[in-house]
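Engineer: Hey, dropping protein.txt in here, compact mmCIF, C-alpha atoms:
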# COMPACT_ATOMS: atom_id res chain seq x y z
CA MET A 22 163.08 -47.23 21.80
CA LEU A 23 161.61 -47.53 25.28
CA ALA A 24 161.41 -51.29 24.96
CA ALA A 25 165.13 -51.48 24.22
CA PHE A 26 165.93 -50.05 27.68
CA ALA A 27 163.26 -51.86 29.65
CA THR A 28 165.05 -55.19 30.08
CA PRO A 29 168.38 -54.01 31.57
CA LEU A 30 166.59 -51.55 33.85
CA PHE A 31 164.28 -54.30 35.05
CA PHE A 32 167.12 -56.66 35.88
CA ALA A 33 169.11 -53.89 37.59
CA SER A 34 166.16 -53.10 39.83
CA CYS A 35 165.69 -56.81 40.70
CA LYS A 36 169.33 -57.42 41.65
CA GLU A 37 169.62 -58.97 45.11
CA LYS A 38 170.83 -56.61 47.82
CA THR A 39 174.11 -57.59 49.44
CA PHE A 40 174.55 -58.26 53.16
CA ARG A 41 176.29 -54.90 53.44
CA GLU A 42 173.47 -53.04 51.68
CA LEU A 43 170.70 -54.70 53.69
CA ALA A 44 172.43 -53.97 57.00
CA GLY A 45 173.06 -50.39 55.94
CA LYS A 46 169.33 -49.79 55.63
CA HIS A 47 169.14 -50.47 59.37
CA GLY A 48 172.04 -48.14 60.15
CA LEU A 49 174.28 -51.12 60.89
CA LYS A 50 177.83 -51.49 59.61
CA THR A 51 178.92 -55.05 58.83
CA GLY A 52 182.32 -56.44 58.10
CA ILE A 53 184.94 -59.12 58.47
CA ALA A 54 188.45 -59.57 59.79
CA VAL A 55 190.75 -60.08 56.83
CA ALA A 56 194.19 -61.60 56.35
CA ALA A 57 196.68 -59.74 54.19
CA GLY A 58 196.29 -62.20 51.31
CA ASP A 59 192.51 -61.81 51.18
CA LEU A 60 192.85 -58.62 49.15
CA TYR A 61 194.41 -60.39 46.18
CA GLY A 62 192.03 -63.23 45.34
CA GLU A 63 189.03 -62.32 43.19
CA LYS A 64 186.58 -64.48 45.13
CA GLU A 65 187.88 -63.22 48.45
CA LYS A 66 187.65 -59.60 47.33
CA GLN A 67 184.05 -60.04 46.18
CA ILE A 68 183.07 -61.55 49.52
CA ILE A 69 184.67 -58.61 51.31
CA LEU A 70 182.84 -56.12 49.10
CA ASP A 71 179.47 -57.86 49.48
CA ASN A 72 179.70 -58.05 53.25
CA SER A 73 181.77 -55.13 54.49
CA SER A 74 181.19 -51.50 55.22
CA ILE A 75 183.97 -51.84 57.83
CA ILE A 76 186.97 -54.18 57.91
CA VAL A 77 189.69 -55.02 60.40
CA SER A 78 193.06 -56.71 59.96
CA GLU A 79 193.19 -60.08 61.67
CA ASN A 80 196.87 -59.84 62.65
CA SER A 81 198.85 -57.19 60.73
CA MET A 82 198.17 -54.41 63.23
CA LYS A 83 199.41 -56.30 66.30
CA TRP A 84 202.81 -55.42 67.76
CA ALA A 85 204.66 -58.60 66.76
CA ASN A 86 203.70 -58.22 63.11
CA LEU A 87 203.69 -54.44 62.84
CA ARG A 88 206.94 -53.80 64.71
CA PRO A 89 208.95 -57.02 65.08
CA ASN A 90 211.96 -55.06 66.32
CA GLU A 91 212.63 -51.55 67.59
CA LYS A 92 213.83 -50.15 64.28
CA PHE A 93 211.46 -51.70 61.71
CA TRP A 94 207.79 -50.87 61.16
CA ASN A 95 206.02 -53.20 58.73
CA TRP A 96 203.49 -50.84 57.17
CA SER A 97 202.99 -52.55 53.81
CA ASP A 98 200.05 -54.85 54.61
CA ILE A 99 198.22 -52.12 56.52
CA ASP A 100 198.80 -49.55 53.79
CA ALA A 101 197.37 -52.01 51.25
CA LEU A 102 194.32 -52.62 53.45
CA VAL A 103 193.70 -48.90 53.94
CA LYS A 104 194.08 -48.26 50.20
CA PHE A 105 191.64 -51.06 49.34
CA ALA A 106 189.15 -49.77 51.89
CA ARG A 107 189.30 -46.18 50.68
CA GLU A 108 188.87 -47.26 47.05
CA ASN A 109 185.73 -49.19 47.98
CA SER A 110 184.15 -46.81 50.53
CA ILE A 111 184.85 -49.15 53.44
CA GLU A 112 185.84 -47.99 56.93
CA VAL A 113 188.83 -49.49 58.75
CA LYS A 114 188.98 -50.55 62.39
CA TRP A 115 192.42 -50.84 64.05
CA HIS A 116 192.95 -53.97 66.12
CA THR A 117 194.68 -53.44 68.47
CA LEU A 118 197.00 -50.87 70.04
CA PHE A 119 197.58 -52.75 73.33
CA TRP A 120 197.09 -56.42 74.20
CA HIS A 121 198.77 -59.00 76.40
CA GLN A 122 199.50 -61.33 73.45
CA GLN A 123 201.43 -61.11 70.16
CA ASN A 124 203.78 -58.49 71.55
CA SER A 125 207.23 -57.67 70.22
CA SER A 126 210.08 -59.30 72.15
CA PHE A 127 211.86 -55.97 72.69
CA LEU A 128 209.06 -54.84 74.99
CA GLY A 129 210.56 -57.19 77.55
CA LYS A 130 213.29 -54.59 78.07
CA LEU A 131 210.82 -52.15 79.60
CA LYS A 132 211.54 -51.99 83.34
CA THR A 133 210.01 -48.80 84.71
CA ARG A 134 206.70 -46.99 84.65
CA GLU A 135 208.31 -44.13 82.75
CA ASP A 136 209.71 -46.48 80.12
CA ALA A 137 206.30 -48.10 79.62
CA LEU A 138 204.47 -44.79 79.32
CA ALA A 139 207.02 -43.54 76.79
CA ALA A 140 206.62 -46.74 74.75
CA MET A 141 202.84 -46.39 74.81
CA ASP A 142 202.97 -42.75 73.73
CA SER A 143 205.38 -43.46 70.90
CA HIS A 144 203.30 -46.38 69.63
CA ILE A 145 200.07 -44.37 69.67
CA SER A 146 201.46 -41.24 68.06
CA THR A 147 203.43 -43.08 65.36
CA ILE A 148 200.39 -45.08 64.24
CA MET A 149 197.62 -42.55 64.69
CA GLU A 150 199.47 -39.65 63.10
CA ARG A 151 200.32 -41.82 60.09
CA TYR A 152 196.72 -42.91 59.59
CA LYS A 153 194.91 -39.82 60.83
CA GLY A 154 191.63 -39.52 58.96
CA LYS A 155 192.05 -43.01 57.45
CA ILE A 156 191.21 -45.24 60.43
CA ALA A 157 187.65 -44.77 61.69
CA GLU A 158 187.91 -46.76 64.94
CA TYR A 159 190.58 -48.14 67.26
CA ASP A 160 190.52 -51.02 69.70
CA VAL A 161 192.74 -49.07 72.05
CA VAL A 162 193.05 -51.85 74.64
CA ASN A 163 192.08 -55.48 74.11
CA GLU A 164 191.18 -58.02 76.83
CA MET A 165 191.96 -56.11 79.99
CA PHE A 166 189.89 -58.23 82.42
CA ASN A 167 190.08 -61.68 83.97
CA GLU A 168 186.97 -63.85 84.13
CA ASP A 169 186.30 -62.84 87.75
CA GLY A 170 186.25 -59.16 86.81
CA THR A 171 189.71 -58.29 88.14
CA PHE A 172 192.21 -56.54 85.89
CA ARG A 173 194.47 -58.77 83.83
CA LYS A 174 198.11 -58.52 84.92
CA THR A 175 199.59 -57.51 81.57
CA LEU A 176 202.96 -55.96 80.77
CA TRP A 177 201.31 -52.53 80.81
CA PHE A 178 199.33 -53.15 84.00
CA ASN A 179 202.35 -54.45 85.87
CA LEU A 180 204.50 -51.43 85.02
CA ILE A 181 201.89 -48.67 85.09
CA GLY A 182 198.81 -49.92 86.95
CA ARG A 183 195.19 -49.87 85.79
CA GLU A 184 195.56 -46.24 84.74
CA TYR A 185 197.42 -47.43 81.63
CA ILE A 186 194.00 -47.79 80.03
CA GLU A 187 192.95 -44.24 80.83
CA HIS A 188 196.34 -42.96 79.66
CA ALA A 189 196.04 -44.80 76.34
CA LEU A 190 192.56 -43.44 75.68
CA LYS A 191 193.60 -39.86 76.42
CA LYS A 192 196.72 -40.09 74.28
CA ALA A 193 194.73 -41.63 71.41
CA ARG A 194 192.17 -38.83 71.52
CA GLU A 195 194.98 -36.28 71.32
CA ALA A 196 196.51 -38.06 68.33
CA ASP A 197 193.29 -38.27 66.29
CA PRO A 198 190.29 -36.44 67.76
CA ASP A 199 187.92 -37.80 65.09
CA ALA A 200 188.63 -41.51 65.54
CA LYS A 201 186.25 -43.60 67.65
CA LEU A 202 187.95 -45.21 70.64
CA TYR A 203 186.93 -48.66 71.88
CA LEU A 204 187.83 -51.12 74.61
CA ASN A 205 187.44 -54.71 73.38
CA GLU A 206 186.84 -57.89 75.39
CA TYR A 207 185.46 -61.45 75.27
CA ASN A 208 182.88 -63.03 77.59
CA ASN A 209 181.58 -59.55 78.35
CA GLU A 210 178.23 -59.85 76.58
CA GLU A 211 175.74 -61.01 79.24
CA GLN A 212 174.65 -58.65 82.02
CA GLY A 213 175.21 -60.39 85.35
CA ASN A 214 178.43 -62.07 84.26
CA ALA A 215 181.33 -61.00 86.50
CA LYS A 216 183.53 -59.83 83.63
CA ALA A 217 180.65 -58.09 81.84
CA ASP A 218 179.61 -56.22 84.97
CA ALA A 219 183.18 -55.24 85.83
CA MET A 220 183.68 -53.87 82.34
CA PHE A 221 180.45 -51.89 82.41
CA ASN A 222 181.28 -50.39 85.81
CA PHE A 223 184.79 -49.48 84.65
CA VAL A 224 183.56 -47.88 81.42
CA LYS A 225 180.95 -45.91 83.37
CA GLU A 226 183.70 -44.74 85.73
CA LEU A 227 185.79 -43.61 82.75
CA LYS A 228 182.82 -41.87 81.17
CA ASP A 229 181.85 -40.13 84.42
CA GLY A 230 185.46 -39.01 84.83
CA GLY A 231 185.59 -37.40 81.40
CA VAL A 232 187.98 -39.95 79.92
CA PRO A 233 187.49 -40.15 76.15
CA ILE A 234 185.81 -43.45 75.24
CA ASP A 235 183.24 -44.02 72.52
CA GLY A 236 182.49 -47.70 72.57
CA VAL A 237 182.89 -51.23 73.81
CA GLY A 238 183.62 -54.26 71.67
CA MET A 239 181.91 -57.53 72.51
CA GLN A 240 183.94 -60.19 70.73
CA LEU A 241 181.28 -62.93 70.83
CA HIS A 242 183.44 -65.95 70.10
CA LEU A 243 180.61 -68.35 70.94
CA SER A 244 179.96 -72.10 70.76
CA THR A 245 176.98 -74.34 70.08
CA GLU A 246 178.03 -76.31 73.17
CA TYR A 247 176.73 -73.56 75.45
CA ASN A 248 173.45 -71.76 75.99
CA TYR A 249 173.27 -67.96 75.88
CA ASP A 250 170.71 -65.61 77.37
CA PHE A 251 170.03 -63.17 74.56
CA GLU A 252 167.85 -60.98 76.74
CA LYS A 253 170.82 -60.49 79.08
CA ILE A 254 172.94 -59.55 76.07
CA ARG A 255 170.27 -57.08 74.99
CA SER A 256 169.96 -55.58 78.48
CA ASN A 257 173.73 -55.21 78.63
CA VAL A 258 173.73 -53.38 75.30
CA ARG A 259 170.96 -51.10 76.54
CA ARG A 260 172.70 -50.12 79.76
CA TYR A 261 175.66 -48.97 77.68
CA ALA A 262 173.25 -46.91 75.59
CA GLU A 263 172.05 -45.21 78.77
CA ILE A 264 175.57 -43.88 79.43
CA GLY A 265 176.22 -42.89 75.82
CA ILE A 266 178.47 -45.79 74.81
CA ASP A 267 178.32 -47.51 71.41
CA ILE A 268 178.72 -51.25 70.97
CA CYS A 269 180.55 -53.23 68.31
CA PHE A 270 179.89 -56.95 67.94
CA SER A 271 183.53 -57.16 67.06
CA GLU A 272 184.80 -60.72 66.45
CA VAL A 273 181.76 -62.91 65.97
CA ASP A 274 182.09 -66.61 65.22
CA VAL A 275 180.11 -69.63 66.42
CA ARG A 276 182.09 -72.85 66.62
CA MET A 277 180.72 -76.40 66.97
CA PRO A 278 182.10 -79.90 67.66
CA LEU A 279 183.17 -81.66 64.47
CA PRO A 280 181.72 -83.29 62.51
CA PRO A 281 178.64 -81.04 62.58
CA THR A 282 175.19 -82.43 63.34
CA ASP A 283 171.75 -81.15 62.39
CA ALA A 284 171.31 -80.04 65.99
CA SER A 285 174.58 -78.08 66.11
CA LEU A 286 173.87 -76.44 62.76
CA ALA A 287 170.43 -75.38 64.00
CA LYS A 288 171.96 -74.06 67.23
CA GLN A 289 174.58 -72.11 65.28
CA THR A 290 171.86 -70.52 63.15
CA GLU A 291 169.89 -69.58 66.28
CA ILE A 292 172.94 -67.90 67.83
CA TYR A 293 173.97 -65.99 64.71
CA THR A 294 170.47 -64.76 63.89
CA SER A 295 169.69 -63.82 67.50
CA LEU A 296 172.84 -61.70 67.70
CA LEU A 297 172.06 -60.07 64.37
CA ARG A 298 168.53 -59.19 65.51
CA ILE A 299 169.94 -57.46 68.57
CA ALA A 300 172.46 -55.59 66.43
CA LYS A 301 169.73 -54.56 64.00
CA GLU A 302 167.26 -53.47 66.66
CA GLU A 303 169.47 -51.72 69.25
CA PRO A 304 170.54 -48.30 67.94
CA ASN A 305 173.83 -48.16 69.85
CA VAL A 306 175.10 -51.38 68.22
CA LYS A 307 176.99 -49.76 65.39
CA SER A 308 178.68 -52.75 63.74
CA PHE A 309 178.61 -56.53 63.38
CA ILE A 310 181.99 -58.01 62.40
CA THR A 311 182.80 -61.70 61.95
CA TRP A 312 186.32 -62.92 62.71
CA GLY A 313 187.03 -64.06 59.18
CA PHE A 314 184.63 -65.41 56.59
CA THR A 315 185.80 -68.83 55.41
CA ASP A 316 186.41 -71.92 57.57
CA ASN A 317 189.55 -72.43 55.49
CA HIS A 318 191.37 -69.71 57.47
CA SER A 319 189.59 -69.69 60.83
CA TRP A 320 191.61 -69.48 64.05
CA VAL A 321 189.10 -71.77 65.79
CA PRO A 322 190.34 -75.34 65.03
CA ALA A 323 193.88 -74.63 66.24
CA THR A 324 192.61 -72.98 69.44
CA PHE A 325 189.57 -75.11 70.32
CA HIS A 326 190.62 -78.59 69.25
CA GLY A 327 187.88 -80.76 67.81
CA THR A 328 185.70 -77.79 66.89
CA GLY A 329 185.30 -75.59 63.83
CA ASP A 330 182.87 -74.64 61.05
CA ALA A 331 182.46 -71.36 62.91
CA LEU A 332 182.05 -68.93 60.01
CA LEU A 333 179.53 -68.06 57.32
CA TYR A 334 181.39 -69.39 54.27
CA THR A 335 182.64 -72.90 53.55
CA LYS A 336 186.26 -73.78 52.84
CA ASN A 337 185.36 -73.39 49.17
CA MET A 338 184.11 -69.86 49.97
CA ASP A 339 180.46 -70.62 49.31
CA PRO A 340 177.81 -69.11 51.63
CA LYS A 341 176.31 -71.55 54.11
CA PRO A 342 172.56 -71.93 54.87
CA VAL A 343 173.10 -69.87 58.05
CA TYR A 344 174.13 -66.95 55.84
CA SER A 345 170.79 -67.10 54.03
CA GLU A 346 168.96 -67.03 57.37
CA MET A 347 170.89 -63.94 58.38
CA LEU A 348 169.93 -62.24 55.13
CA LYS A 349 166.30 -62.93 56.02
CA VAL A 350 166.79 -61.14 59.35
CA LEU A 351 168.11 -58.07 57.54
CA LYS A 352 165.31 -58.10 54.95
CA LYS A 353 162.60 -57.68 57.60
Rewrite the structure from the file as structure tokens, please.
Structural biologist:
Amino acid sequence: MLAAFATPLFFASCKEKTFRELAGKHGLKTGIAVAAGDLYGEKEKQIILDNSSIIVSENSMKWANLRPNEKFWNWSDIDALVKFARENSIEVKWHTLFWHQQNSSFLGKLKTREDALAAMDSHISTIMERYKGKIAEYDVVNEMFNEDGTFRKTLWFNLIGREYIEHALKKAREADPDAKLYLNEYNNEEQGNAKADAMFNFVKELKDGGVPIDGVGMQLHLSTEYNYDFEKIRSNVRRYAEIGIDICFSEVDVRMPLPPTDASLAKQTEIYTSLLRIAKEEPNVKSFITWGFTDNHSWVPATFHGTGDALLYTKNMDPKPVYSEMLKVLKK
């Protein structure tokens, strides 16, 4: 009788670990940004399950899609995402409460500081009370800095001032004390960069002032056309650790000029694997999220014309060689 059970047990024990499982052994959450339709295709769902211990909606949580007018809240896609995540033991990250893009047109009617604060409070409380205990993390404010390190002149900044960020963080903590609160930004990864240094100094100021903030998102929309100093990225991560701030590699993709060359593919692999090593080795990097998974739905070609192939799966949803190299990083 023992022999009858030996074969299935042997094959079960030899089953390859998924990306999600391998990363979890290092205490690292991994995930992808998903479109609403990704939850309904069998191949898409399997990719999400294999790769994600945390997921984020690519667009459904932004003002223009969530609340296209004052009276209507479009909860259906988010509810479906939250349900899928809970059924599969996946955390959900909210992206984003406040941003300077993809806003609802009715926000243009806000004219005073008081109006803007009331709109912020209503937005935060409506969302966070609805999903209390169901959303693990929030990008409370997205892209608040210019490249020179000055504050971006957004709708909220212009009406309230820079304290809109502090106000949003405090209100979010009140709404859901257990949710992790992040500020998210791009080009903020290398220590010594004007934006990166401005963000660190601002977050330290918030932390020193007792403002509730748990982490910083580094988007990491990178390109094979540029060189990156990975030691400066690591040192930046470490200085956040020194002040008790977690890091999320929050929107990773690595674009290249099309058609790809052997050199650009090698450079892409170097960038992806170097980032993953930092995420694996630095304890305060809590998650590594790619902005999508298949080149078939990437935002890159429409935004950076002449470039693409930025993600880990082909248009046919097959893993690329770079994906295998990343698995090797996690297996060590």
Engineer: Give me the residues within 7 Å of Ile268 (chain A) as a list of chain:residue names, counting all atoms listed in the file and dropping any in the same chain fewer than 5 places off.
Structural biologist: A:Gly236, A:Val237, A:Gly238, A:Val258, A:Asn305, A:Val306, A:Lys307
Engineer: Create the file for the chosen residues now, containing C-alpha atoms and written as a tab-separated table (two decimals), keeping the file's coordinate frame.
Structural biologist:
chain	number	residue	atom	x	y	z
A	236	GLY	CA	182.49	-47.70	72.57
A	237	VAL	CA	182.89	-51.23	73.81
A	238	GLY	CA	183.62	-54.26	71.67
A	258	VAL	CA	173.73	-53.38	75.30
A	305	ASN	CA	173.83	-48.16	69.85
A	306	VAL	CA	175.10	-51.38	68.22
A	307	LYS	CA	176.99	-49.76	65.39
Engineer: Which residues are near Ile53 (chain A)? Cut-off 8 Å, only C-alpha atoms, ignore same chain within fewer than 5 positions. Put them as an MDAnalysis selection string.
Structural biologist: chainID A and resid 69 72:73 75:77 310:314
Engineer: List the spatial neighbours of Arg173 (chain A) as an MDAnalysis selection string - criterion: any atom at most 9 Å away, all atoms listed in the file, same-chain residues fewer than 5 positions off excluded.
Structural biologist: chainID A and resid 121 164:167 178
Engineer: Of the residues A:Glu246, A:Leu348, A:Gln212, A:Asn163, which is the one nearest to Ala284 (chain A), using all atoms listed in the file?
Structural biologist: A:Glu246
Engineer: Leaving out Asp169 (chain A) and any residue of its chain fewer than 5 positions from it, which residues lie within 10 Å of it when counting all atoms listed in the file, given as a list in words?
Structural biologist: Asn214, Ala215, Lys216, Ala217, Asp218 and Ala219 of chain A
Engineer: What would the file look like if the residues just selected were written as a short mmCIF file (atom, residue, chain, number, x, y, z; two decimals), in the frame of the given file with C-alpha atoms?
Structural biologist:
data_model
loop_
_atom_site.label_atom_id
_atom_site.label_comp_id
_atom_site.auth_asym_id
_atom_site.auth_seq_id
_atom_site.Cartn_x
_atom_site.Cartn_y
_atom_site.Cartn_z
CA ASN A 214 178.43 -62.07 84.26
CA ALA A 215 181.33 -61.00 86.50
CA LYS A 216 183.53 -59.83 83.63
CA ALA A 217 180.65 -58.09 81.84
CA ASP A 218 179.61 -56.22 84.97
CA ALA A 219 183.18 -55.24 85.83
#
Engineer: Using only C-alpha atoms, determine which residues lie at most 12 Å from Ser308 (chain A), disregarding the query and same-chain residues fewer than 3 positions distant; provide the list as a ChimeraX atom specification.
Structural biologist: /A:41,44-45,47-53,72-77,112-114,158,236-240,267-273,296-297,299-305,311
Engineer: Which of these residues is nearest to Asn205 (chain A), using all atoms listed in the file: A:Ser319, A:Thr117, A:Ser110, A:Ser143?
Structural biologist: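 Smallest distance to Asn205 (chain A) is found for A:Thr117.
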